[in-house]
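Student: My structure file entry.cif, mmCIF, C-alpha atoms (C1' of nucleotides), is below:
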data_structure
loop_
_atom_site.label_atom_id
_atom_site.label_comp_id
_atom_site.auth_asym_id
_atom_site.auth_seq_id
_atom_site.Cartn_x
_atom_site.Cartn_y
_atom_site.Cartn_z
CA MET V 246 38.41 -74.16 20.18
CA LEU V 247 39.67 -77.68 20.74
CA LYS V 248 43.36 -78.52 20.59
CA ILE V 249 44.25 -82.10 19.64
CA ALA V 250 47.87 -83.21 19.48
CA THR V 251 50.00 -86.25 18.77
CA TRP V 252 53.59 -86.88 19.86
CA ASN V 253 55.91 -89.84 19.55
CA VAL V 254 57.92 -89.41 22.75
CA ASN V 255 60.44 -92.25 22.24
CA SER V 256 60.28 -93.43 25.88
CA LEU V 257 57.78 -91.81 28.24
CA ARG V 258 60.15 -92.60 31.11
CA VAL V 259 62.79 -90.29 29.65
CA ARG V 260 60.39 -87.70 28.22
CA LEU V 261 57.88 -87.37 31.08
CA PRO V 262 59.21 -83.97 32.25
CA GLN V 263 58.89 -82.62 28.71
CA VAL V 264 55.37 -84.03 28.37
CA LEU V 265 54.28 -82.43 31.65
CA ASP V 266 55.80 -79.10 30.60
CA TRP V 267 54.08 -79.33 27.23
CA LEU V 268 50.69 -80.08 28.82
CA ALA V 269 51.04 -77.09 31.11
CA ALA V 270 52.09 -74.77 28.30
CA HIS V 271 49.57 -75.84 25.66
CA LYS V 272 46.66 -77.31 27.65
CA PRO V 273 45.53 -79.67 24.86
CA ASP V 274 42.05 -81.20 24.97
CA ALA V 275 43.65 -84.48 23.93
CA LEU V 276 47.25 -85.61 23.60
CA CYS V 277 48.02 -88.86 21.80
CA LEU V 278 51.36 -90.43 22.72
CA GLN V 279 53.33 -93.18 20.99
CA GLU V 280 56.42 -95.22 21.82
CA LEU V 281 55.89 -95.26 25.56
CA LYS V 282 58.38 -98.15 25.79
CA MET V 283 57.08 -99.23 29.19
CA GLU V 284 54.71 -101.72 30.76
CA ASP V 285 51.36 -100.47 32.06
CA LYS V 286 52.47 -100.92 35.67
CA ALA V 287 55.21 -98.34 35.05
CA PHE V 288 52.87 -95.76 33.44
CA PRO V 289 53.27 -92.44 35.32
CA LEU V 290 49.55 -92.00 35.99
CA ALA V 291 50.02 -90.15 39.29
CA GLU V 292 52.23 -87.50 37.74
CA ILE V 293 49.84 -87.04 34.83
CA GLN V 294 46.85 -86.77 37.15
CA ALA V 295 48.73 -84.24 39.26
CA ALA V 296 49.03 -82.20 36.07
CA GLY V 297 45.24 -82.24 35.72
CA TYR V 298 44.96 -84.96 33.09
CA HIS V 299 43.38 -88.39 32.81
CA ALA V 300 44.82 -91.16 30.65
CA VAL V 301 44.08 -94.44 28.94
CA PHE V 302 47.12 -96.41 27.86
CA SER V 303 48.35 -99.68 26.42
CA GLY V 304 52.02 -100.46 26.92
CA GLN V 305 54.57 -103.22 26.75
CA LYS V 306 58.18 -103.75 27.70
CA THR V 307 60.88 -102.10 25.56
CA TRP V 308 58.83 -101.35 22.44
CA ASN V 309 55.70 -99.59 21.20
CA GLY V 310 53.03 -98.44 23.64
CA VAL V 311 50.30 -95.81 23.10
CA ALA V 312 48.20 -93.51 25.30
CA ILE V 313 45.52 -90.82 25.13
CA LEU V 314 45.64 -88.01 27.70
CA ALA V 315 42.76 -85.60 28.29
CA PRO V 316 41.49 -83.22 30.98
CA THR V 317 38.32 -85.34 31.25
CA PRO V 318 38.37 -89.15 31.47
CA PRO V 319 38.62 -90.66 27.94
CA GLU V 320 35.46 -92.71 27.39
CA ASN V 321 34.84 -96.14 25.90
CA PRO V 322 38.51 -97.09 25.51
CA LEU V 323 39.34 -99.83 23.04
CA TYR V 324 42.72 -101.53 22.71
CA GLY V 325 44.19 -102.83 19.47
CA ILE V 326 42.52 -103.49 16.12
CA PRO V 327 39.52 -105.78 16.68
CA GLY V 328 40.00 -109.13 14.96
CA PHE V 329 43.69 -108.49 14.24
CA LYS V 330 45.85 -110.60 16.51
CA ASP V 331 48.91 -108.59 17.49
CA GLU V 332 51.27 -108.78 20.45
CA GLN V 333 52.51 -105.27 19.70
CA LYS V 334 50.70 -102.47 21.50
CA ARG V 335 50.14 -99.97 18.72
CA VAL V 336 46.52 -98.83 18.86
CA ILE V 337 44.27 -97.27 21.47
CA ALA V 338 40.91 -95.59 20.88
CA ALA V 339 38.73 -93.43 23.11
CA THR V 340 36.11 -90.71 23.00
CA VAL V 341 37.14 -87.23 24.18
CA ALA V 342 35.12 -84.02 23.90
CA GLY V 343 32.62 -85.70 21.59
CA LEU V 344 35.37 -86.86 19.24
CA ARG V 345 36.25 -90.48 18.59
CA ILE V 346 40.05 -90.63 18.60
CA VAL V 347 42.22 -93.48 17.40
CA CYS V 348 45.85 -93.10 18.48
CA ALA V 349 48.17 -95.30 16.43
CA TYR V 350 51.84 -96.18 16.18
CA PHE V 351 52.28 -97.67 12.72
CA PRO V 352 55.00 -100.32 12.25
CA ASN V 353 58.33 -99.04 10.94
CA GLY V 354 58.90 -101.85 8.47
CA GLN V 355 62.70 -101.63 8.67
CA SER V 356 63.40 -102.52 5.02
CA LEU V 357 61.45 -103.65 1.99
CA ASP V 358 62.75 -107.23 2.16
CA SER V 359 61.97 -107.60 5.88
CA ASP V 360 59.14 -109.60 7.44
CA LYS V 361 58.46 -106.37 9.33
CA TYR V 362 57.61 -104.67 6.06
CA ALA V 363 54.99 -107.31 5.20
CA TYR V 364 53.65 -106.92 8.73
CA LYS V 365 53.49 -103.15 8.26
CA LEU V 366 51.37 -103.43 5.11
CA ALA V 367 49.09 -106.10 6.62
CA TRP V 368 48.69 -103.99 9.76
CA ILE V 369 47.71 -100.90 7.77
CA GLU V 370 45.21 -102.91 5.74
CA ALA V 371 43.60 -104.26 8.92
CA LEU V 372 43.46 -100.74 10.39
CA THR V 373 41.91 -99.39 7.20
CA LEU V 374 39.19 -102.05 7.04
CA TRP V 375 38.34 -101.57 10.70
CA LEU V 376 38.04 -97.79 10.36
CA LYS V 377 36.04 -98.05 7.14
CA ASN V 378 33.63 -100.78 8.21
CA GLU V 379 33.18 -100.14 11.91
CA VAL V 380 34.59 -96.91 13.27
CA LEU V 381 33.60 -94.27 10.72
CA PRO V 382 30.01 -95.50 10.36
CA ALA V 383 29.61 -95.40 14.15
CA TYR V 384 31.51 -92.17 14.80
CA PRO V 385 31.10 -89.42 12.15
CA ARG V 386 33.20 -87.09 14.32
CA PHE V 387 36.41 -89.09 14.07
CA LEU V 388 40.14 -88.50 13.90
CA LEU V 389 43.17 -90.74 13.51
CA ALA V 390 46.34 -89.36 15.08
CA GLY V 391 49.79 -90.80 15.48
CA ASP V 392 53.11 -91.83 14.04
CA PHE V 393 52.31 -93.30 10.63
CA ASN V 394 55.90 -94.03 9.62
CA ILE V 395 54.91 -92.93 6.12
CA ALA V 396 55.89 -89.72 4.34
CA PRO V 397 52.84 -89.43 2.06
CA GLU V 398 54.28 -87.17 -0.67
CA GLU V 399 57.67 -86.19 -2.04
CA ALA V 400 57.49 -82.90 -0.14
CA ASP V 401 57.23 -84.86 3.11
CA ALA V 402 60.74 -86.33 2.96
CA HIS V 403 64.10 -84.58 2.73
CA PRO V 404 65.60 -85.01 -0.76
CA ASP V 405 68.65 -86.74 0.77
CA TRP V 406 66.56 -89.52 2.31
CA LYS V 407 68.10 -92.54 0.58
CA SER V 408 66.28 -95.49 2.13
CA ASP V 409 63.21 -97.03 0.51
CA ILE V 410 61.40 -97.51 3.80
CA ILE V 411 58.87 -94.81 4.78
CA VAL V 412 58.60 -93.56 1.19
CA SER V 413 58.04 -96.74 -0.85
CA PRO V 414 55.14 -96.80 -3.35
CA PRO V 415 53.25 -99.58 -1.49
CA GLU V 416 53.41 -97.59 1.75
CA ARG V 417 52.20 -94.46 0.00
CA ALA V 418 49.45 -96.44 -1.70
CA ALA V 419 48.38 -97.78 1.70
CA PHE V 420 48.24 -94.21 3.02
CA LYS V 421 46.05 -93.19 0.08
CA ALA V 422 43.76 -96.14 0.70
CA LEU V 423 43.45 -95.04 4.30
CA ILE V 424 42.60 -91.49 3.22
CA GLY V 425 40.13 -93.04 0.78
CA CYS V 426 37.97 -94.22 3.65
CA GLY V 427 36.77 -90.64 3.96
CA LEU V 428 39.60 -88.91 5.82
CA VAL V 429 41.54 -85.70 5.31
CA ASP V 430 45.20 -84.98 6.12
CA ALA V 431 44.58 -81.97 8.36
CA PHE V 432 48.09 -80.58 7.88
CA ARG V 433 47.54 -80.22 4.14
CA LEU V 434 44.41 -78.13 4.65
CA PHE V 435 46.74 -75.27 5.57
CA ASP V 436 49.79 -73.62 4.10
CA SER V 437 52.35 -74.59 6.68
CA SER V 438 55.13 -75.89 4.48
CA GLU V 439 57.85 -74.22 6.52
CA ASN V 440 57.08 -76.69 9.29
CA ALA V 441 56.91 -79.61 6.93
CA TYR V 442 58.75 -82.20 9.01
CA SER V 443 57.77 -83.90 12.27
CA TRP V 444 60.82 -86.15 12.71
CA TRP V 445 64.54 -85.44 12.41
CA ASP V 446 67.35 -87.98 12.58
CA TYR V 447 69.29 -88.08 15.84
CA ARG V 448 72.41 -88.80 13.82
CA THR V 449 74.50 -86.31 11.90
CA ASN V 450 72.79 -83.27 13.45
CA GLY V 451 69.57 -84.02 11.64
CA PHE V 452 67.57 -81.27 13.33
CA SER V 453 70.01 -78.42 12.76
CA ARG V 454 70.31 -79.22 9.06
CA ASN V 455 66.58 -80.02 8.78
CA PHE V 456 67.18 -83.60 7.71
CA GLY V 457 63.72 -84.94 8.46
CA MET V 458 60.40 -86.25 7.30
CA ARG V 459 56.72 -85.59 7.93
CA ILE V 460 55.52 -88.93 9.25
CA ASP V 461 53.29 -87.90 12.18
CA HIS V 462 49.78 -87.09 11.04
CA ILE V 463 46.27 -86.20 12.12
CA LEU V 464 43.57 -87.38 9.72
CA VAL V 465 40.04 -86.14 10.28
CA SER V 466 36.68 -87.36 9.03
CA GLU V 467 34.79 -85.30 6.45
CA PRO V 468 32.30 -83.93 9.03
CA LEU V 469 35.27 -82.42 10.90
CA ARG V 470 36.98 -80.90 7.86
CA GLN V 471 35.12 -77.60 8.09
CA ALA V 472 35.95 -77.33 11.78
CA CYS V 473 39.73 -77.43 11.24
CA ARG V 474 41.28 -74.02 12.02
CA GLY V 475 44.96 -74.89 11.87
CA CYS V 476 47.42 -77.77 11.93
CA ALA V 477 51.16 -77.43 12.47
CA VAL V 478 54.25 -79.04 13.91
CA ASP V 479 55.51 -77.61 17.20
CA LYS V 480 59.25 -77.81 16.59
CA ALA V 481 60.22 -76.40 19.98
CA PRO V 482 60.44 -79.71 21.91
CA ARG V 483 62.81 -81.09 19.26
CA GLY V 484 65.28 -78.38 20.21
CA LEU V 485 65.30 -79.16 23.93
CA GLU V 486 68.05 -81.06 25.74
CA ARG V 487 67.59 -84.81 25.31
CA PRO V 488 64.64 -84.54 22.91
CA SER V 489 62.49 -87.16 21.27
CA ASP V 490 63.37 -87.47 17.60
CA HIS V 491 59.72 -86.55 16.86
CA ALA V 492 57.95 -83.23 17.49
CA PRO V 493 54.26 -82.81 18.38
CA VAL V 494 51.70 -82.18 15.65
CA VAL V 495 48.87 -79.91 16.81
CA LEU V 496 45.36 -79.51 15.36
CA ASP V 497 43.07 -76.62 16.25
CA LEU V 498 39.44 -77.56 15.84
CA ALA V 499 36.43 -75.28 16.20
CA ALA V 500 33.91 -76.59 18.67
CA VAL V 501 30.91 -77.88 16.73
"C1'" DA E 761 76.16 -86.62 6.17
"C1'" DT E 762 72.69 -93.13 6.83
"C1'" DG E 763 78.72 -97.12 10.94
"C1'" DG E 764 78.53 -91.87 12.97
"C1'" DC E 765 72.46 -91.13 17.81
"C1'" DG E 766 69.40 -92.49 21.48
"C1'" DC E 767 66.77 -95.97 23.95
"C1'" DA E 768 66.15 -100.52 26.30
"C1'" DT E 769 68.16 -104.49 28.11
"C1'" DG E 770 71.33 -105.76 31.40
"C1'" DG E 771 75.28 -104.74 33.56
"C1'" DA E 772 78.80 -105.06 27.59
"C1'" DA E 773 77.28 -105.34 23.40
"C1'" DT E 774 73.47 -105.61 20.57
"C1'" DG E 775 68.92 -104.74 18.25
"C1'" DC E 776 66.01 -101.46 16.67
"C1'" DG E 777 64.10 -97.14 15.17
"C1'" DA E 778 63.35 -94.02 10.65
#
Here is a file; write its structure as C-alpha coordinates.

Tutor:
Amino acid sequence: MLKIATWNVNSLRVRLPQVLDWLAAHKPDALCLQELKMEDKAFPLAEIQAAGYHAVFSGQKTWNGVAILAPTPPENPLYGIPGFKDEQKRVIAATVAGLRIVCAYFPNGQSLDSDKYAYKLAWIEALTLWLKNEVLPAYPRFLLAGDFNIAPEEADAHPDWKSDIIVSPPERAAFKALIGCGLVDAFRLFDSSENAYSWWDYRTNGFSRNFGMRIDHILVSEPLRQACRGCAVDKAPRGLERPSDHAPVVLDLAAV
DNA sequence: ATGGCGCATGGAATGCGA
(Lines of atoms letter the chains of each structure in order from A and count residues from 1; the text may use other names and numbers.)
(Lines give C-alpha, C1' and ligand atoms only; values in the text may rest on other atoms or scores of the structure.)
Protein backbone atom coordinates (compact mmCIF):
# COMPACT_ATOMS: atom_id res chain seq x y z
CA MET A 1 0.00 0.00 0.00
CA LEU A 2 1.21 3.47 -0.88
CA LYS A 3 0.33 6.48 1.24
CA ILE A 4 0.28 9.85 -0.53
CA ALA A 5 -0.51 13.03 1.38
CA THR A 6 -0.83 16.76 0.89
CA TRP A 7 -0.61 19.48 3.56
CA ASN A 8 -0.64 23.25 3.41
CA VAL A 9 1.62 24.01 6.37
CA ASN A 10 1.32 27.83 6.36
CA SER A 11 5.05 28.42 7.00
CA LEU A 12 7.41 25.44 7.06
CA ARG A 13 9.63 27.38 9.45
CA VAL A 14 6.91 27.39 12.10
CA ARG A 15 5.47 23.96 11.28
CA LEU A 16 8.67 21.92 10.79
CA PRO A 17 8.39 20.10 14.14
CA GLN A 18 4.83 19.07 13.29
CA VAL A 19 5.87 17.93 9.82
CA LEU A 20 8.70 15.81 11.23
CA ASP A 21 6.35 14.29 13.82
CA TRP A 22 3.79 13.56 11.12
CA LEU A 23 6.38 11.88 8.87
CA ALA A 24 7.50 9.67 11.74
CA ALA A 25 3.96 8.74 12.71
CA HIS A 26 2.53 8.10 9.24
CA LYS A 27 5.56 7.24 7.09
CA PRO A 28 4.00 8.49 3.84
CA ASP A 29 5.49 7.44 0.50
CA ALA A 30 5.08 11.03 -0.63
CA LEU A 31 4.14 14.22 1.18
CA CYS A 32 3.25 17.32 -0.83
CA LEU A 33 3.66 20.60 1.05
CA GLN A 34 2.35 24.07 0.22
CA GLU A 35 2.89 27.56 1.61
CA LEU A 36 6.48 27.03 2.68
CA LYS A 37 6.87 30.82 2.91
CA MET A 38 10.65 30.62 2.70
CA GLU A 39 13.47 30.92 0.19
CA ASP A 40 15.19 27.74 -1.01
CA LYS A 41 18.33 28.58 0.97
CA ALA A 42 16.27 28.38 4.16
CA PHE A 43 14.66 25.01 3.32
CA PRO A 44 15.30 22.60 6.24
CA LEU A 45 16.78 19.85 4.08
CA ALA A 46 19.13 18.54 6.77
CA GLU A 47 16.34 18.02 9.27
CA ILE A 48 14.17 16.31 6.66
CA GLN A 49 17.02 14.05 5.58
CA ALA A 50 17.71 13.19 9.20
CA ALA A 51 14.10 12.00 9.33
CA GLY A 52 14.80 9.63 6.44
CA TYR A 53 13.27 11.70 3.64
CA HIS A 54 14.45 13.33 0.44
CA ALA A 55 12.90 16.51 -0.95
CA VAL A 56 12.50 18.64 -4.03
CA PHE A 57 11.27 22.16 -3.39
CA SER A 58 10.58 25.54 -4.94
CA GLY A 59 10.29 28.45 -2.55
CA GLN A 60 10.27 32.21 -2.36
CA LYS A 61 10.33 34.87 0.32
CA THR A 62 7.16 35.46 2.36
CA TRP A 63 4.62 33.76 0.09
CA ASN A 64 3.80 30.49 -1.65
CA GLY A 65 6.42 27.75 -1.96
CA VAL A 66 5.88 24.02 -2.63
CA ALA A 67 7.77 20.78 -1.97
CA ILE A 68 7.55 17.02 -2.43
CA LEU A 69 9.05 14.79 0.27
CA ALA A 70 9.65 11.06 -0.19
CA PRO A 71 11.75 8.26 1.31
CA THR A 72 13.47 7.85 -2.08
CA PRO A 73 14.78 10.79 -4.13
CA PRO A 74 11.93 12.31 -6.20
CA GLU A 75 12.87 11.89 -9.86
CA ASN A 76 12.68 14.21 -12.86
CA PRO A 77 11.62 17.32 -10.91
CA LEU A 78 9.95 20.10 -12.85
CA TYR A 79 9.24 23.58 -11.52
CA GLY A 80 6.25 25.71 -12.48
CA ILE A 81 3.83 25.35 -15.38
CA PRO A 82 5.82 25.14 -18.62
CA GLY A 83 5.11 28.13 -20.87
CA PHE A 84 3.26 30.04 -18.13
CA LYS A 85 5.40 32.90 -16.88
CA ASP A 86 4.88 33.26 -13.14
CA GLU A 87 7.02 34.74 -10.38
CA GLN A 88 4.96 32.89 -7.78
CA LYS A 89 6.27 29.48 -6.77
CA ARG A 90 3.13 27.37 -6.85
CA VAL A 91 3.89 24.17 -8.76
CA ILE A 92 6.43 21.38 -8.45
CA ALA A 93 6.29 17.97 -10.15
CA ALA A 94 8.28 14.80 -9.61
CA THR A 95 8.08 11.03 -9.99
CA VAL A 96 7.86 8.96 -6.79
CA ALA A 97 7.20 5.22 -6.53
CA GLY A 98 6.25 5.06 -10.20
CA LEU A 99 3.69 7.84 -9.80
CA ARG A 100 3.93 11.22 -11.50
CA ILE A 101 2.97 13.76 -8.84
CA VAL A 102 2.13 17.41 -9.37
CA CYS A 103 2.04 19.37 -6.11
CA ALA A 104 0.18 22.66 -6.51
CA TYR A 105 -0.77 25.70 -4.46
CA PHE A 106 -3.62 27.33 -6.36
CA PRO A 107 -4.00 31.13 -6.10
CA ASN A 108 -6.48 32.36 -3.49
CA GLY A 109 -8.06 35.03 -5.65
CA GLN A 110 -8.96 37.28 -2.71
CA SER A 111 -12.23 38.63 -4.15
CA LEU A 112 -14.15 38.42 -7.40
CA ASP A 113 -13.29 41.99 -8.44
CA SER A 114 -9.56 41.55 -7.75
CA ASP A 115 -6.78 41.17 -10.31
CA LYS A 116 -5.82 38.15 -8.20
CA TYR A 117 -9.09 36.51 -9.15
CA ALA A 118 -8.40 36.90 -12.87
CA TYR A 119 -4.92 35.53 -12.23
CA LYS A 120 -6.42 32.57 -10.38
CA LEU A 121 -8.66 31.62 -13.31
CA ALA A 122 -5.87 32.11 -15.87
CA TRP A 123 -3.51 30.06 -13.72
CA ILE A 124 -5.98 27.18 -13.45
CA GLU A 125 -6.58 27.24 -17.20
CA ALA A 126 -2.84 27.06 -17.87
CA LEU A 127 -2.49 24.18 -15.39
CA THR A 128 -5.40 22.34 -16.98
CA LEU A 129 -4.04 22.66 -20.53
CA TRP A 130 -0.59 21.53 -19.43
CA LEU A 131 -1.94 18.46 -17.62
CA LYS A 132 -4.28 17.56 -20.48
CA ASN A 133 -1.85 18.05 -23.35
CA GLU A 134 1.48 17.05 -21.85
CA VAL A 135 1.39 15.41 -18.45
CA LEU A 136 -1.46 12.90 -18.67
CA PRO A 137 -0.46 11.56 -22.09
CA ALA A 138 3.09 11.00 -20.83
CA TYR A 139 2.23 9.70 -17.36
CA PRO A 140 -0.90 7.50 -17.13
CA ARG A 141 -0.17 6.92 -13.44
CA PHE A 142 -0.67 10.52 -12.36
CA LEU A 143 -2.00 12.47 -9.41
CA LEU A 144 -2.50 16.15 -8.65
CA ALA A 145 -2.32 17.03 -4.97
CA GLY A 146 -2.45 20.31 -3.14
CA ASP A 147 -4.36 23.31 -1.91
CA PHE A 148 -6.83 24.12 -4.67
CA ASN A 149 -8.51 27.05 -2.90
CA ILE A 150 -11.78 25.78 -4.36
CA ALA A 151 -14.62 24.05 -2.52
CA PRO A 152 -15.99 22.01 -5.46
CA GLU A 153 -19.54 21.37 -4.20
CA GLU A 154 -21.99 22.87 -1.74
CA ALA A 155 -21.17 20.12 0.75
CA ASP A 156 -17.54 21.26 0.72
CA ALA A 157 -18.18 24.64 2.36
CA HIS A 158 -19.82 25.47 5.69
CA PRO A 159 -23.29 26.96 5.15
CA ASP A 160 -22.19 30.14 6.96
CA TRP A 161 -19.40 30.85 4.47
CA LYS A 162 -20.51 34.25 3.18
CA SER A 163 -17.73 35.25 0.79
CA ASP A 164 -17.94 34.56 -2.93
CA ILE A 165 -14.30 33.58 -3.21
CA ILE A 166 -13.51 29.83 -3.11
CA VAL A 167 -17.11 28.92 -4.01
CA SER A 168 -17.89 31.12 -7.03
CA PRO A 169 -19.38 29.46 -10.14
CA PRO A 170 -16.36 30.26 -12.35
CA GLU A 171 -14.01 28.65 -9.82
CA ARG A 172 -16.21 25.58 -9.60
CA ALA A 173 -16.45 25.44 -13.38
CA ALA A 174 -12.66 25.58 -13.57
CA PHE A 175 -12.46 22.67 -11.12
CA LYS A 176 -14.87 20.67 -13.28
CA ALA A 177 -12.82 21.42 -16.36
CA LEU A 178 -9.75 20.17 -14.54
CA ILE A 179 -11.57 16.97 -13.55
CA GLY A 180 -12.69 16.72 -17.17
CA CYS A 181 -9.12 16.07 -18.27
CA GLY A 182 -9.58 12.55 -16.98
CA LEU A 183 -9.14 12.92 -13.22
CA VAL A 184 -11.08 11.73 -10.19
CA ASP A 185 -11.52 13.47 -6.81
CA ALA A 186 -10.20 10.63 -4.67
CA PHE A 187 -11.99 11.85 -1.53
CA ARG A 188 -15.38 11.44 -3.20
CA LEU A 189 -14.68 7.81 -4.06
CA PHE A 190 -15.31 7.06 -0.38
CA ASP A 191 -17.96 7.83 2.18
CA SER A 192 -15.99 10.06 4.48
CA SER A 193 -18.37 12.95 4.88
CA GLU A 194 -17.72 13.29 8.59
CA ASN A 195 -14.24 14.54 7.72
CA ALA A 196 -15.51 16.80 5.00
CA TYR A 197 -13.32 19.84 5.67
CA SER A 198 -9.57 20.31 5.28
CA TRP A 199 -9.32 23.97 6.36
CA TRP A 200 -10.79 25.82 9.33
CA ASP A 201 -10.65 29.56 9.98
CA TYR A 202 -8.15 30.68 12.60
CA ARG A 203 -10.63 33.35 13.64
CA THR A 204 -13.68 32.89 15.81
CA ASN A 205 -12.70 29.38 16.92
CA GLY A 206 -13.27 28.00 13.46
CA PHE A 207 -12.00 24.52 14.26
CA SER A 208 -14.02 23.92 17.41
CA ARG A 209 -17.26 24.95 15.72
CA ASN A 210 -16.28 23.20 12.46
CA PHE A 211 -16.37 26.39 10.43
CA GLY A 212 -14.35 25.16 7.47
CA MET A 213 -14.14 24.10 3.87
CA ARG A 214 -12.77 21.20 1.84
CA ILE A 215 -10.25 22.92 -0.40
CA ASP A 216 -7.27 20.52 -0.28
CA HIS A 217 -7.62 17.73 -2.78
CA ILE A 218 -5.95 14.73 -4.38
CA LEU A 219 -7.08 14.05 -7.94
CA VAL A 220 -5.99 10.81 -9.56
CA SER A 221 -5.87 9.67 -13.17
CA GLU A 222 -8.34 7.03 -14.37
CA PRO A 223 -5.72 4.24 -14.36
CA LEU A 224 -5.24 4.88 -10.63
CA ARG A 225 -8.93 4.98 -9.72
CA GLN A 226 -9.20 1.25 -9.09
CA ALA A 227 -6.12 1.36 -6.88
CA CYS A 228 -7.59 3.88 -4.43
CA ARG A 229 -8.30 2.22 -1.07
CA GLY A 230 -9.16 5.25 1.03
CA CYS A 231 -8.92 9.02 1.18
CA ALA A 232 -9.52 11.12 4.29
CA VAL A 233 -8.56 14.25 6.16
CA ASP A 234 -6.30 13.76 9.18
CA LYS A 235 -7.80 16.35 11.52
CA ALA A 236 -5.37 15.68 14.36
CA PRO A 237 -2.68 18.24 13.39
CA ARG A 238 -5.34 20.98 13.26
CA GLY A 239 -5.93 20.42 16.96
CA LEU A 240 -2.29 20.81 18.01
CA GLU A 241 -0.81 23.91 19.61
CA ARG A 242 0.03 26.52 16.97
CA PRO A 243 -1.46 24.57 14.05
CA SER A 244 -1.62 25.30 10.36
CA ASP A 245 -5.13 26.33 9.37
CA HIS A 246 -5.10 23.32 6.98
CA ALA A 247 -5.03 19.61 7.85
CA PRO A 248 -3.35 16.88 5.78
CA VAL A 249 -5.35 14.91 3.22
CA VAL A 250 -4.20 11.30 2.93
CA LEU A 251 -4.71 8.84 0.06
CA ASP A 252 -4.13 5.10 0.41
CA LEU A 253 -3.26 3.52 -2.91
CA ALA A 254 -2.79 -0.17 -3.62
CA ALA A 255 0.54 -0.93 -5.22
CA VAL A 256 -0.06 -1.74 -8.88
C1' DA B 1 -19.28 34.53 14.57
C1' DT B 2 -15.83 37.27 8.61
C1' DG B 3 -12.50 43.93 12.30
C1' DG B 4 -12.14 39.66 15.96
C1' DC B 5 -6.29 34.93 13.92
C1' DG B 6 -1.71 33.79 12.38
C1' DC B 7 2.30 34.62 9.47
C1' DA B 8 5.96 37.58 7.36
C1' DT B 9 8.25 41.80 7.25
C1' DG B 10 10.80 44.60 10.11
C1' DG B 11 11.42 46.22 14.38
C1' DA B 12 5.10 49.07 14.38
C1' DA B 13 1.74 48.57 11.48
C1' DT B 14 0.24 46.50 7.47
C1' DG B 15 -0.93 43.07 3.77
C1' DC B 16 -2.56 38.78 2.92
C1' DG B 17 -4.70 34.34 3.42
C1' DA B 18 -9.57 31.74 2.88

Student: Going by the chain IDs and residue numbers used in this file, which residues fall under the PyMOL selection byres ((chain E) within 9 of (chain V))? Write them as number ranges by chain.

Tutor: E: 761-762, 764-769, 776-778

Student: What is the CA of Gln294 in chain V-CA of Lys272 in chain V distance in Å, reported with one decimal?

Tutor: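 Interatomic distance here is 13.4 Å.
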
Student: For CA of Tyr298 in chain V and CA of Cys277 in chain V, quote the distance in Å rounded to one decimal.

Tutor: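 Calculated distance between CA of Tyr298 in chain V and CA of Cys277 in chain V is 12.3 Å.
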
Student: Excluding Leu366 in chain V and residues on its chain fewer than 2 positions from it, collect all residues at most 8 Å away from it, counting only C-alpha atoms (C1' of nucleotides), and give them as a list in words.

Tutor: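 In the requested form, the answer reads Tyr362, Ala363, Tyr364, Trp368, Ile369, Glu370, Pro415, Glu416 and Ala419 of chain V.
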
Student: CA of Gly304 in chain V to CA of Phe288 in chain V: how many Å, to one decimal?

Tutor: 8.1 Å

Student: As a check of understanding, name the residues that the PyMOL selection byres ((chain V and resi 315) around 12) selects in the supplied structure, as an NGL selection string.

Tutor: :V and (247-251 or 268 or 272-278 or 293-294 or 296-302 or 312-314 or 316-320 or 339-342 or 344 or 346)
